[in-house]
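Printed here is run_28.cif (mmCIF, C-alpha atoms):
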data_target
#
loop_
_atom_site.label_atom_id
_atom_site.label_comp_id
_atom_site.auth_asym_id
_atom_site.auth_seq_id
_atom_site.Cartn_x
_atom_site.Cartn_y
_atom_site.Cartn_z
CA MET K 1 0.00 0.00 0.00
CA ARG K 2 2.82 2.37 0.80
CA GLU K 3 4.30 1.61 -2.60
CA ALA K 4 1.03 2.71 -4.16
CA THR K 5 1.23 5.96 -2.20
CA GLU K 6 4.76 6.45 -3.54
CA LEU K 7 3.51 5.90 -7.09
CA ILE K 8 0.77 8.46 -6.59
CA ILE K 9 3.24 11.03 -5.32
CA GLU K 10 5.43 10.48 -8.37
CA ARG K 11 2.44 10.82 -10.68
CA LEU K 12 1.24 14.01 -8.98
CA VAL K 13 4.72 15.55 -9.07
CA ALA K 14 5.00 14.75 -12.77
CA ASP K 15 1.64 16.45 -13.29
CA ALA K 16 2.50 19.58 -11.25
CA ARG K 17 1.86 22.25 -13.84
CA PRO K 18 1.70 25.83 -12.57
CA VAL K 19 -1.80 26.76 -11.39
CA ARG K 20 -3.47 30.13 -11.14
CA ARG K 21 -4.28 30.92 -7.56
CA LEU K 22 -7.85 31.94 -6.82
CA ARG K 23 -8.34 35.54 -5.81
CA PRO K 24 -9.62 36.19 -2.27
CA PRO K 25 -13.23 35.00 -1.91
CA THR K 26 -14.65 38.35 -0.85
CA LEU K 27 -13.15 39.99 -3.93
CA ARG K 28 -14.55 37.29 -6.21
CA ALA K 29 -17.98 37.69 -4.61
CA ALA K 30 -17.81 41.48 -5.02
CA LEU K 31 -16.90 41.19 -8.72
CA TRP K 32 -19.78 38.83 -9.42
CA LEU K 33 -22.21 41.03 -7.47
CA LEU K 34 -21.05 44.12 -9.39
CA ALA K 35 -21.56 42.41 -12.73
CA ILE K 36 -25.06 41.30 -11.71
CA ALA K 37 -25.85 44.77 -10.35
CA ALA K 38 -24.89 46.33 -13.66
CA VAL K 39 -27.15 44.00 -15.65
CA ALA K 40 -30.02 44.41 -13.17
CA ALA K 41 -29.68 48.20 -13.23
CA VAL K 42 -29.98 48.26 -17.01
CA ALA K 43 -33.02 45.98 -16.89
CA VAL K 44 -34.71 48.10 -14.22
CA LEU K 45 -34.03 51.36 -16.11
CA LEU K 46 -35.36 49.92 -19.36
CA PHE K 47 -38.36 47.92 -18.23
CA ALA K 48 -39.51 48.95 -14.77
CA ASP K 49 -42.07 51.63 -14.02
CA LEU K 50 -39.73 53.99 -12.17
CA ASP K 51 -42.47 56.36 -11.00
CA VAL K 52 -44.29 53.59 -9.17
CA ALA K 53 -41.08 52.13 -7.84
CA GLY K 54 -39.97 55.57 -6.62
CA ARG K 55 -43.23 56.14 -4.81
CA ARG K 56 -43.07 52.73 -3.17
CA LEU K 57 -39.55 53.41 -1.89
CA HIS K 58 -41.01 56.18 0.30
CA ASP K 59 -42.80 53.56 2.36
CA PRO K 60 -40.31 52.87 5.20
CA LYS K 61 -41.69 49.37 5.75
CA LEU K 62 -41.16 48.41 2.15
CA LEU K 63 -37.76 50.05 2.08
CA ALA K 64 -36.71 48.04 5.14
CA GLU K 65 -37.91 44.85 3.48
CA MET K 66 -35.99 45.59 0.29
CA ILE K 67 -32.81 46.34 2.20
CA ALA K 68 -33.16 43.11 4.16
CA THR K 69 -33.73 41.19 0.92
CA LEU K 70 -30.67 42.69 -0.70
CA LEU K 71 -28.48 42.09 2.35
CA THR K 72 -29.63 38.47 2.49
CA GLY K 73 -28.56 38.03 -1.12
CA VAL K 74 -25.19 39.75 -0.72
CA ALA K 75 -24.37 37.95 2.53
CA ALA K 76 -25.29 34.55 1.08
CA VAL K 77 -23.18 35.09 -2.03
CA VAL K 78 -20.16 36.20 0.02
CA ALA K 79 -20.65 33.22 2.34
CA ALA K 80 -20.86 30.83 -0.62
CA PHE K 81 -17.53 32.02 -2.01
CA HIS K 82 -15.89 31.54 1.38
CA LEU K 83 -17.47 28.12 1.90
CA SER K 84 -16.23 26.92 -1.46
CA LEU K 85 -12.67 26.99 -0.11
CA PRO K 86 -11.41 24.01 1.88
CA ASP K 87 -10.06 25.88 4.87
CA ARG K 88 -12.85 28.33 5.70
CA SER K 89 -15.08 27.87 8.69
CA PRO K 90 -18.49 26.27 8.07
CA ALA K 91 -19.81 29.08 10.28
CA TRP K 92 -19.84 31.25 7.15
CA ALA K 93 -23.12 29.53 6.33
CA LEU K 94 -24.69 31.41 9.24
CA LEU K 95 -23.83 34.86 7.84
CA PRO K 96 -27.02 35.37 5.78
CA LEU K 97 -29.38 34.03 8.45
CA PRO K 98 -29.93 37.27 10.45
CA PHE K 99 -30.74 39.12 7.22
CA LEU K 100 -33.01 36.31 6.12
CA ALA K 101 -34.84 36.56 9.43
CA ALA K 102 -35.19 40.33 8.99
CA TRP K 103 -36.48 39.82 5.45
CA ILE K 104 -39.09 37.30 6.53
CA ALA K 105 -40.08 39.44 9.53
CA SER K 106 -40.44 42.67 7.56
CA SER K 107 -42.38 41.21 4.65
CA GLY K 108 -44.39 39.14 7.07
CA TYR K 109 -45.56 42.24 8.89
CA SER K 110 -46.75 44.15 5.86
CA CYS K 111 -48.55 41.12 4.52
CA TYR K 112 -50.27 40.52 7.79
CA ARG K 113 -51.39 44.14 7.86
CA HIS K 114 -52.71 43.88 4.37
CA TRP K 115 -54.52 40.68 5.09
CA ILE K 116 -56.23 42.19 8.10
CA SER K 117 -57.48 45.26 6.26
CA PHE K 118 -58.55 43.59 3.04
CA GLY K 119 -59.81 40.29 4.28
CA PRO K 120 -59.71 37.11 2.26
CA ASP K 121 -58.83 38.99 -0.94
CA GLY K 122 -55.26 38.91 0.25
CA TRP K 123 -55.20 35.21 -0.41
CA GLN K 124 -55.41 35.16 -4.17
CA LEU K 125 -52.72 33.60 -6.28
CA GLY K 126 -53.08 35.51 -9.60
CA GLU K 127 -50.20 37.99 -9.58
CA SER K 128 -48.17 35.82 -7.23
CA ALA K 129 -47.81 33.16 -9.91
CA HIS K 130 -46.26 35.82 -12.08
CA CYS K 131 -43.75 36.58 -9.32
CA LEU K 132 -42.90 32.91 -8.94
CA ARG K 133 -42.13 32.69 -12.65
CA PHE K 134 -40.13 35.90 -12.46
CA ILE K 135 -37.96 34.68 -9.59
CA LEU K 136 -37.35 31.31 -11.21
CA ALA K 137 -36.55 32.87 -14.61
CA ILE K 138 -34.07 35.35 -13.15
CA SER K 139 -32.53 32.75 -10.88
CA LEU K 140 -31.56 30.43 -13.70
CA PRO K 141 -28.89 32.59 -15.41
CA LEU K 142 -27.74 33.94 -12.04
CA GLY K 143 -27.47 30.44 -10.66
CA ILE K 144 -25.57 28.99 -13.60
CA SER K 145 -22.98 31.77 -13.60
CA LEU K 146 -22.54 31.66 -9.83
CA LEU K 147 -22.25 27.87 -9.58
CA LEU K 148 -19.69 27.81 -12.39
CA LEU K 149 -17.59 30.35 -10.51
CA LEU K 150 -17.94 28.45 -7.23
CA ARG K 151 -16.92 25.20 -8.87
CA ARG K 152 -13.56 26.75 -9.75
CA ALA K 153 -12.67 26.12 -6.13
CA ALA K 154 -13.70 22.43 -6.36
CA PRO K 155 -15.51 22.71 -3.01
CA LEU K 156 -15.30 19.77 -0.65
CA ALA K 157 -18.87 20.26 0.63
CA PRO K 158 -20.51 21.19 -2.69
CA VAL K 159 -24.11 20.67 -1.64
CA ARG K 160 -23.82 23.08 1.27
CA VAL K 161 -22.15 25.66 -0.94
CA ALA K 162 -24.86 25.30 -3.58
CA ALA K 163 -27.63 25.64 -1.01
CA ILE K 164 -26.21 28.91 0.34
CA ALA K 165 -25.57 30.15 -3.19
CA GLY K 166 -29.18 29.29 -4.06
CA LEU K 167 -30.41 31.38 -1.15
CA GLY K 168 -28.32 34.30 -2.37
CA ILE K 169 -29.60 33.99 -5.91
CA ALA K 170 -33.25 33.77 -4.86
CA ALA K 171 -32.88 36.78 -2.55
CA ILE K 172 -31.31 38.87 -5.30
CA ALA K 173 -34.06 37.83 -7.71
CA ALA K 174 -36.69 38.78 -5.11
CA PHE K 175 -35.00 42.15 -4.65
CA VAL K 176 -35.02 42.87 -8.39
CA LEU K 177 -38.64 41.74 -8.50
CA GLN K 178 -39.59 44.59 -6.18
CA PHE K 179 -39.00 47.04 -9.04
CA PHE K 180 -41.48 45.20 -11.25
CA HIS K 181 -44.06 44.70 -8.56
CA PRO K 182 -46.50 47.61 -8.48
CA PHE K 183 -48.58 46.45 -5.53
CA ASP K 184 -48.24 45.79 -1.86
CA VAL K 185 -46.98 42.46 -0.74
CA THR K 186 -49.78 40.14 0.29
CA PHE K 187 -49.55 37.10 2.46
CA MET K 188 -49.72 34.95 -0.64
CA ASP K 189 -46.82 36.87 -2.15
CA LEU K 190 -44.75 36.07 0.87
CA ALA K 191 -45.60 32.38 0.64
CA VAL K 192 -44.73 32.39 -3.05
CA HIS K 193 -41.48 34.24 -2.42
CA LEU K 194 -40.47 31.70 0.18
CA GLY K 195 -41.58 28.88 -2.10
CA ALA K 196 -39.48 30.28 -4.93
CA VAL K 197 -36.49 30.60 -2.63
CA ALA K 198 -36.94 26.99 -1.53
CA ILE K 199 -37.22 25.79 -5.15
CA VAL K 200 -34.05 27.64 -6.17
CA VAL K 201 -32.11 26.37 -3.15
CA ALA K 202 -33.25 22.79 -3.76
CA ALA K 203 -32.48 22.99 -7.50
CA ALA K 204 -29.01 24.38 -6.89
CA SER K 205 -28.29 21.64 -4.35
CA LEU K 206 -29.56 18.90 -6.65
CA VAL K 207 -27.53 20.12 -9.62
CA GLU K 208 -24.44 20.19 -7.47
CA ARG K 209 -25.12 16.79 -6.00
CA ALA K 210 -25.64 15.25 -9.43
CA ALA K 211 -22.41 16.84 -10.65
CA GLN K 212 -20.66 15.40 -7.65
CA ARG K 213 -21.84 11.86 -8.34
CA ARG K 214 -20.15 11.96 -11.72
CA PRO K 215 -16.52 10.93 -11.49
CA ALA K 216 -14.40 14.07 -11.65
CA ALA K 217 -12.69 14.60 -14.97
CA GLY K 218 -8.93 14.48 -14.79
CA MET Z 1 -3.45 24.24 25.09
CA ALA Z 2 0.02 24.95 23.83
CA GLN Z 3 -0.16 21.92 21.55
CA MET Z 4 -2.86 23.32 19.36
CA VAL Z 5 -2.49 25.44 16.29
CA THR Z 6 -5.30 27.97 16.30
CA PRO Z 7 -5.73 29.09 12.75
CA ARG Z 8 -6.72 32.62 12.01
CA GLY Z 9 -10.39 33.30 11.41
CA ALA Z 10 -11.56 29.72 11.44
CA ASP Z 11 -13.01 27.07 13.65
CA SER Z 12 -10.25 25.77 15.81
CA VAL Z 13 -8.81 22.60 14.42
CA GLU Z 14 -7.04 20.16 16.64
CA MET Z 15 -3.74 19.25 15.13
CA PRO Z 16 -2.76 15.70 15.92
CA LEU Z 17 0.84 16.69 16.15
CA THR Z 18 3.80 17.02 18.31
CA ALA Z 19 3.14 20.66 17.98
CA SER Z 20 6.20 22.85 18.17
CA ASN Z 21 8.07 21.42 15.20
CA GLU Z 22 4.84 21.47 13.16
CA ILE Z 23 4.31 25.12 13.83
CA ALA Z 24 7.87 25.72 12.74
CA SER Z 25 7.37 23.67 9.57
CA ASP Z 26 4.08 25.33 8.68
CA GLY Z 27 5.90 28.32 7.25
CA GLU Z 28 8.18 25.99 5.32
CA TRP Z 29 5.22 23.96 3.97
CA SER Z 30 3.49 27.16 3.02
CA ARG Z 31 6.58 28.29 1.08
CA LEU Z 32 6.90 24.90 -0.64
CA MET Z 33 3.23 24.92 -1.59
CA ALA Z 34 3.50 28.41 -3.05
CA ALA Z 35 6.47 27.22 -5.11
CA ALA Z 36 4.51 24.14 -6.19
CA GLN Z 37 1.62 26.36 -7.32
CA ALA Z 38 4.14 28.12 -9.54
CA GLY Z 39 5.14 24.76 -11.03
CA ASP Z 40 8.26 23.91 -8.97
CA ARG Z 41 8.25 20.09 -9.05
CA ALA Z 42 11.12 19.59 -6.62
CA ALA Z 43 9.37 21.73 -4.00
CA TYR Z 44 6.11 19.86 -4.60
CA GLU Z 45 7.75 16.48 -4.17
CA ARG Z 46 9.47 17.55 -0.96
CA LEU Z 47 6.19 18.90 0.37
CA LEU Z 48 4.19 15.76 -0.44
CA ARG Z 49 6.75 13.51 1.24
CA ASP Z 50 7.02 15.88 4.19
CA ILE Z 51 3.30 15.96 4.92
CA LEU Z 52 2.68 12.21 4.69
CA PRO Z 53 3.01 11.54 8.45
CA PHE Z 54 0.76 14.51 9.17
CA ILE Z 55 -1.95 13.17 6.83
CA ARG Z 56 -1.58 9.64 8.23
CA ALA Z 57 -2.09 10.98 11.74
CA ILE Z 58 -5.29 12.77 10.76
CA VAL Z 59 -6.91 9.98 8.75
CA GLY Z 60 -5.77 7.48 11.37
CA ARG Z 61 -8.54 8.82 13.56
CA GLN Z 62 -11.26 7.61 11.21
CA HIS Z 63 -9.60 4.53 9.77
CA ARG Z 64 -8.08 1.80 11.84
CA THR Z 65 -6.54 -0.75 9.53
CA HIS Z 66 -3.35 -0.02 7.67
CA ASP Z 67 -4.94 -0.52 4.23
CA ARG Z 68 -7.77 1.85 4.97
CA VAL Z 69 -5.38 4.50 6.25
CA GLU Z 70 -3.28 4.28 3.08
CA ASP Z 71 -6.46 4.41 0.94
CA ALA Z 72 -7.46 7.60 2.72
CA VAL Z 73 -3.96 9.07 2.48
CA GLN Z 74 -3.97 8.51 -1.27
CA ASP Z 75 -7.39 10.07 -1.57
CA VAL Z 76 -6.19 13.12 0.36
CA LEU Z 77 -3.12 13.45 -1.88
CA LEU Z 78 -5.26 13.32 -5.04
CA THR Z 79 -7.67 15.87 -3.60
CA LEU Z 80 -4.84 18.16 -2.55
CA HIS Z 81 -3.56 18.01 -6.11
CA ARG Z 82 -6.98 18.80 -7.57
CA VAL Z 83 -7.64 21.83 -5.33
CA ARG Z 84 -4.06 23.09 -4.97
CA HIS Z 85 -5.00 26.40 -6.63
CA THR Z 86 -7.32 27.20 -3.69
CA TYR Z 87 -4.47 27.51 -1.19
CA ASP Z 88 -3.66 31.09 -0.24
CA PRO Z 89 0.01 31.26 0.90
CA SER Z 90 -0.79 34.05 3.33
CA ARG Z 91 -2.80 31.57 5.39
CA PRO Z 92 -1.51 28.62 7.47
CA PHE Z 93 -0.92 25.54 5.32
CA ALA Z 94 -1.34 22.95 8.07
CA HIS Z 95 -4.87 24.16 8.73
CA TRP Z 96 -5.77 24.05 5.03
CA LEU Z 97 -4.39 20.54 4.74
CA ALA Z 98 -5.90 19.29 8.00
CA THR Z 99 -9.41 20.45 7.06
CA LEU Z 100 -9.10 18.88 3.64
CA ALA Z 101 -7.74 15.62 5.02
CA ARG Z 102 -10.43 15.28 7.67
CA ARG Z 103 -13.17 16.05 5.20
CA ARG Z 104 -11.96 13.48 2.62
CA SER Z 105 -11.31 10.92 5.31
CA ILE Z 106 -14.86 11.19 6.62
CA ASP Z 107 -16.27 11.06 3.09
CA LEU Z 108 -14.30 7.89 2.45
CA LEU Z 109 -15.65 6.40 5.67
CA ARG Z 110 -19.21 7.15 4.55
CA ARG Z 111 -18.58 5.60 1.15
CA LYS Z 112 -17.18 2.47 2.75
CA SER Z 113 -20.10 2.07 5.10
CA ARG Z 114 -22.52 2.65 2.23
CA MET Z 115 -20.81 -0.11 0.29
CA ALA Z 116 -20.82 -2.36 3.31
CA ALA Z 117 -24.59 -1.89 3.58
CA PHE Z 118 -25.06 -3.36 0.10
CA GLU Z 119 -22.58 -6.20 0.37
CA ILE Z 120 -23.25 -9.52 2.02
CA ALA Z 121 -20.42 -11.27 3.75
CA ASP Z 122 -20.59 -14.94 2.70
CA GLU Z 123 -18.20 -16.46 5.15
CA ALA Z 124 -18.54 -19.90 3.62
CA ALA Z 125 -17.34 -18.50 0.29
CA TYR Z 126 -13.86 -18.21 1.72
CA GLU Z 127 -13.88 -21.91 2.52
CA THR Z 128 -14.33 -23.08 -1.04
CA PHE Z 129 -11.03 -24.26 -2.42
CA ALA Z 130 -9.80 -24.76 -5.94
CA ASP Z 131 -9.09 -28.41 -5.24
CA PRO Z 132 -12.49 -30.16 -5.01
CA GLY Z 133 -11.18 -32.67 -2.52
CA ALA Z 134 -10.46 -29.90 -0.07
CA ASN Z 135 -14.09 -28.84 -0.04
CA SER Z 136 -15.41 -32.05 1.47
CA GLU Z 137 -16.01 -30.53 4.87
CA GLN Z 138 -17.85 -27.59 3.43
CA GLU Z 139 -19.91 -29.66 1.05
CA ARG Z 140 -20.83 -32.21 3.63
CA ARG Z 141 -22.21 -29.40 5.73
CA GLU Z 142 -24.15 -27.80 2.91
CA TRP Z 143 -25.31 -30.84 0.96
CA GLY Z 144 -25.41 -33.51 3.61
CA GLY Z 145 -28.97 -32.85 4.70
CA ALA Z 146 -30.38 -32.54 1.22
CA LEU Z 147 -28.55 -35.61 -0.06
CA SER Z 148 -29.60 -37.95 2.68
CA GLY Z 149 -33.15 -36.66 2.24
CA ALA Z 150 -33.04 -37.43 -1.47
CA MET Z 151 -31.60 -40.88 -0.80
CA ALA Z 152 -34.19 -41.69 1.81
CA ALA Z 153 -36.91 -40.91 -0.72
CA LEU Z 154 -35.62 -43.51 -3.20
CA PRO Z 155 -37.29 -46.90 -3.64
CA ALA Z 156 -35.49 -49.58 -1.59
CA ARG Z 157 -33.77 -51.32 -4.53
CA GLN Z 158 -32.46 -48.08 -5.99
CA ARG Z 159 -31.21 -46.91 -2.60
CA GLN Z 160 -29.44 -50.20 -2.04
CA ALA Z 161 -27.83 -50.05 -5.49
CA ILE Z 162 -26.47 -46.54 -4.81
CA GLU Z 163 -25.23 -47.47 -1.35
CA LEU Z 164 -23.31 -50.49 -2.51
CA THR Z 165 -21.78 -49.22 -5.75
CA LYS Z 166 -21.27 -45.53 -5.00
CA LEU Z 167 -20.95 -45.09 -1.24
CA ARG Z 168 -19.14 -48.31 -0.38
CA GLU Z 169 -17.53 -48.35 -3.82
CA MET Z 170 -17.97 -52.10 -4.34
CA PRO Z 171 -17.18 -53.57 -7.74
CA LEU Z 172 -20.38 -54.48 -9.63
CA ALA Z 173 -19.87 -58.26 -9.24
CA GLU Z 174 -19.47 -57.99 -5.47
CA ALA Z 175 -22.47 -55.68 -5.20
CA SER Z 176 -24.47 -58.14 -7.22
CA ARG Z 177 -23.60 -60.93 -4.78
CA ALA Z 178 -24.38 -58.78 -1.74
CA SER Z 179 -27.77 -57.56 -3.01
CA GLY Z 180 -28.95 -60.50 -5.02
CA MET Z 181 -29.61 -58.22 -8.00
CA SER Z 182 -28.14 -58.99 -11.41
CA ILE Z 183 -25.39 -56.71 -12.69
CA GLY Z 184 -27.80 -55.35 -15.34
CA ALA Z 185 -30.45 -54.64 -12.68
CA LEU Z 186 -27.86 -52.85 -10.52
CA LYS Z 187 -26.82 -50.62 -13.41
CA VAL Z 188 -30.42 -49.74 -14.21
CA ASN Z 189 -31.22 -49.01 -10.55
CA VAL Z 190 -28.11 -46.82 -10.10
CA HIS Z 191 -29.03 -44.91 -13.24
CA ARG Z 192 -32.61 -44.38 -12.11
CA ALA Z 193 -31.55 -43.47 -8.59
CA ILE Z 194 -29.14 -40.78 -9.80
CA LYS Z 195 -31.74 -39.42 -12.16
CA ALA Z 196 -34.36 -39.26 -9.41
CA MET Z 197 -31.96 -37.63 -6.93
CA ARG Z 198 -30.78 -35.07 -9.47
CA LYS Z 199 -34.37 -34.19 -10.18
CA ARG Z 200 -35.11 -33.79 -6.50
CA LEU Z 201 -32.00 -31.74 -5.68
CA THR Z 202 -31.96 -29.39 -8.65
CA GLY Z 203 -35.68 -29.22 -9.20
CA GLU Z 204 -35.21 -30.02 -12.92
#

Take the structure in the file and write it out as structure tokens.
Amino acid sequence: MREATELIIERLVADARPVRRLRPPTLRAALWLLAIAAVAAVAVLLFADLDVAGRRLHDPKLLAEMIATLLTGVAAVVAAFHLSLPDRSPAWALLPLPFLAAWIASSGYSCYRHWISFGPDGWQLGESAHCLRFILAISLPLGISLLLLLRRAAPLAPVRVAAIAGLGIAAIAAFVLQFFHPFDVTFMDLAVHLGAVAIVVAAASLVERAAQRRPAAG
Amino acid sequence: MAQMVTPRGADSVEMPLTASNEIASDGEWSRLMAAAQAGDRAAYERLLRDILPFIRAIVGRQHRTHDRVEDAVQDVLLTLHRVRHTYDPSRPFAHWLATLARRRSIDLLRRKSRMAAFEIADEAAYETFADPGANSEQERREWGGALSGAMAALPARQRQAIELTKLREMPLAEASRASGMSIGALKVNVHRAIKAMRKRLTGE
């Protein structure tokens, strides 16, 4: 057995081509977030109803919710880049949780308020289905680009990384959605948002798990 | 604990080491790894040989037998090679390596136990030898019951024919004298007996 270990060392040494070191994870996360922000800004300027969005931003409750959503997304993406490295603490996975809690709490409150004042009408699916499609459609390109970047690190716990990345993607998609969302958040919206987040997280984890089952090339 | 390396900004990792010399060598390992990342084969080889005892100590916690430990060590080496671009030379190398080694070692343990759950240990299989004569003990145990059952079910004349010619290995003439059957009758009874027993044992 030790001879086999010797052989492996010789093989690895023979194969020791120079490699390009990864840049620091926070920097890589920032670059990806900037690129996404640029694309999202163009999309919002071109397609969103800025008057409505501007008026809605004056509502402090909604503003708080949007900030919490954005922070959840940013924190989860930063955490995912750190987690993709072998020697970072698994505690990075906890980073987005406080923001996630704030997001759920803030949107929860406004929905509850709405539900109380408008009665059962708050429970209709109609527009929420549109939001679900929106989140899933935005998440796909975001998710593919992010997972490809994260895989550069060949993470040792890929499913955990993908789950956190999925949370980040879904939160960013939900944030962008706010600009295309000319009505108050209802309870159903919240449920759909959370459902969409869960779907994206599960999909990202499954993709990563399937990729992991395949024998690694090279 | 003076014997522990507490890596910066991470969960504390216990280093299964005789600490002081490891802390001293961490800087050296880090330098070698940085050189290896730049393609320096001699540095890489020195590093890989240098860290072997360290890896063995870590995987030795999950794997007990020598073969398993070496399996895990090899897995760790291959993984190290695959992810060597993720090491940042400004951070401690021993911590990077220890986390990686523990992670792979535990994964390997899970894979092994998953395999074990699908495999059946057939202890008797080890007792089957290439030389048929050597299997008598084993076969007697496995087939004895079935065979004597099949023999007991034979008609008396067939059973007697088998007993005399096959079990006691008498020549046909002697068997004929002992049983009072003609040689032709013996042959026919042996043939029928074997056919009946084969049918009973194999279900043909």

What are the residues of chain Z that have an atom within 8 Å of an atom of chain K, counting all atoms listed in the file, as a VMD selection string? chain Z and resid 9 to 11 36 to 42 44 to 45 48 to 49 67 70 to 71 73 to 74 77 to 78 81 to 88 95 to 97 99 to 100 103 to 104

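As for CA of Ala152 in chain Z and CA of Ile183 in chain Z, they are spaced 22.7 Å apart.
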
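Of note, CA of Gly195 in chain K and CA of Val176 in chain K are spaced 16.7 Å apart.
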
Excluding Ala137 in chain K and residues on its chain fewer than 3 positions from it, collect all residues at most 12 Å away from it, counting all atoms listed in the file, and give them as number ranges by chain. K: 130-134, 140-144, 169-170, 173-174, 176-177, 196, 199-200

Picked residues, the PyMOL selection byres ((chain K and resi 46-53) around 9), as number ranges by chain: K: 41-45, 54-57, 178-182

Atom-to-atom span, CA of Ala204 in chain K and CA of Ala163 in chain K, Å: 6.2 Å

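When all atoms listed in the file are used to measure the gap to Pro89 in chain Z, the shortest distance among Z:Leu32, Z:Ile51, Z:Ala57, Z:Ala72 belongs to Z:Leu32.
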
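Residues captured in this structure file are Arg159, Gln160, Ala161, Ile162, Glu163, Thr165, Lys166, Leu167, Arg168, Glu169, Met170, Pro171, Leu172, Glu174, Ala175, Ser176, Ala178, Ser179, Leu186 and Val190 of chain Z, according to the PyMOL selection byres ((chain Z and resi 164) around 10).
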
Surrounding residues of Thr72 in chain K excluding itself and chain neighbours under 2 positions, 12 Å, all atoms listed in the file, as a PyMOL selection string: chain K and resi 65-70+74-79+93-104+164-175+197

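Against the coordinates shown, the PyMOL selection byres ((chain Z and resi 192) around 12) returns Met151, Leu154, Pro155, Arg157, Gln158, Arg159, Ala161, Ile162, Ala185, Leu186, Lys187, Val188, Asn189, Val190, His191, Ala193, Ile194, Lys195, Ala196, Met197, Arg198 and Lys199 of chain Z.
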
Deliver the residues from the most recent selection as a file, using C-alpha atoms, as an mmCIF file, keeping the file's coordinate frame.
data_model
loop_
_atom_site.group_PDB
_atom_site.id
_atom_site.type_symbol
_atom_site.label_atom_id
_atom_site.label_comp_id
_atom_site.auth_asym_id
_atom_site.auth_seq_id
_atom_site.Cartn_x
_atom_site.Cartn_y
_atom_site.Cartn_z
ATOM 1 C CA MET Z 151 -31.600 -40.880 -0.800
ATOM 2 C CA LEU Z 154 -35.620 -43.510 -3.200
ATOM 3 C CA PRO Z 155 -37.290 -46.900 -3.640
ATOM 4 C CA ARG Z 157 -33.770 -51.320 -4.530
ATOM 5 C CA GLN Z 158 -32.460 -48.080 -5.990
ATOM 6 C CA ARG Z 159 -31.210 -46.910 -2.600
ATOM 7 C CA ALA Z 161 -27.830 -50.050 -5.490
ATOM 8 C CA ILE Z 162 -26.470 -46.540 -4.810
ATOM 9 C CA ALA Z 185 -30.450 -54.640 -12.680
ATOM 10 C CA LEU Z 186 -27.860 -52.850 -10.520
ATOM 11 C CA LYS Z 187 -26.820 -50.620 -13.410
ATOM 12 C CA VAL Z 188 -30.420 -49.740 -14.210
ATOM 13 C CA ASN Z 189 -31.220 -49.010 -10.550
ATOM 14 C CA VAL Z 190 -28.110 -46.820 -10.100
ATOM 15 C CA HIS Z 191 -29.030 -44.910 -13.240
ATOM 16 C CA ALA Z 193 -31.550 -43.470 -8.590
ATOM 17 C CA ILE Z 194 -29.140 -40.780 -9.800
ATOM 18 C CA LYS Z 195 -31.740 -39.420 -12.160
ATOM 19 C CA ALA Z 196 -34.360 -39.260 -9.410
ATOM 20 C CA MET Z 197 -31.960 -37.630 -6.930
ATOM 21 C CA ARG Z 198 -30.780 -35.070 -9.470
ATOM 22 C CA LYS Z 199 -34.370 -34.190 -10.180
#

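The closest residue to Ala29 in chain K, picked from K:Gly73, K:His58, K:Leu136, K:Glu208 and counting all atoms listed in the file, is K:Gly73.
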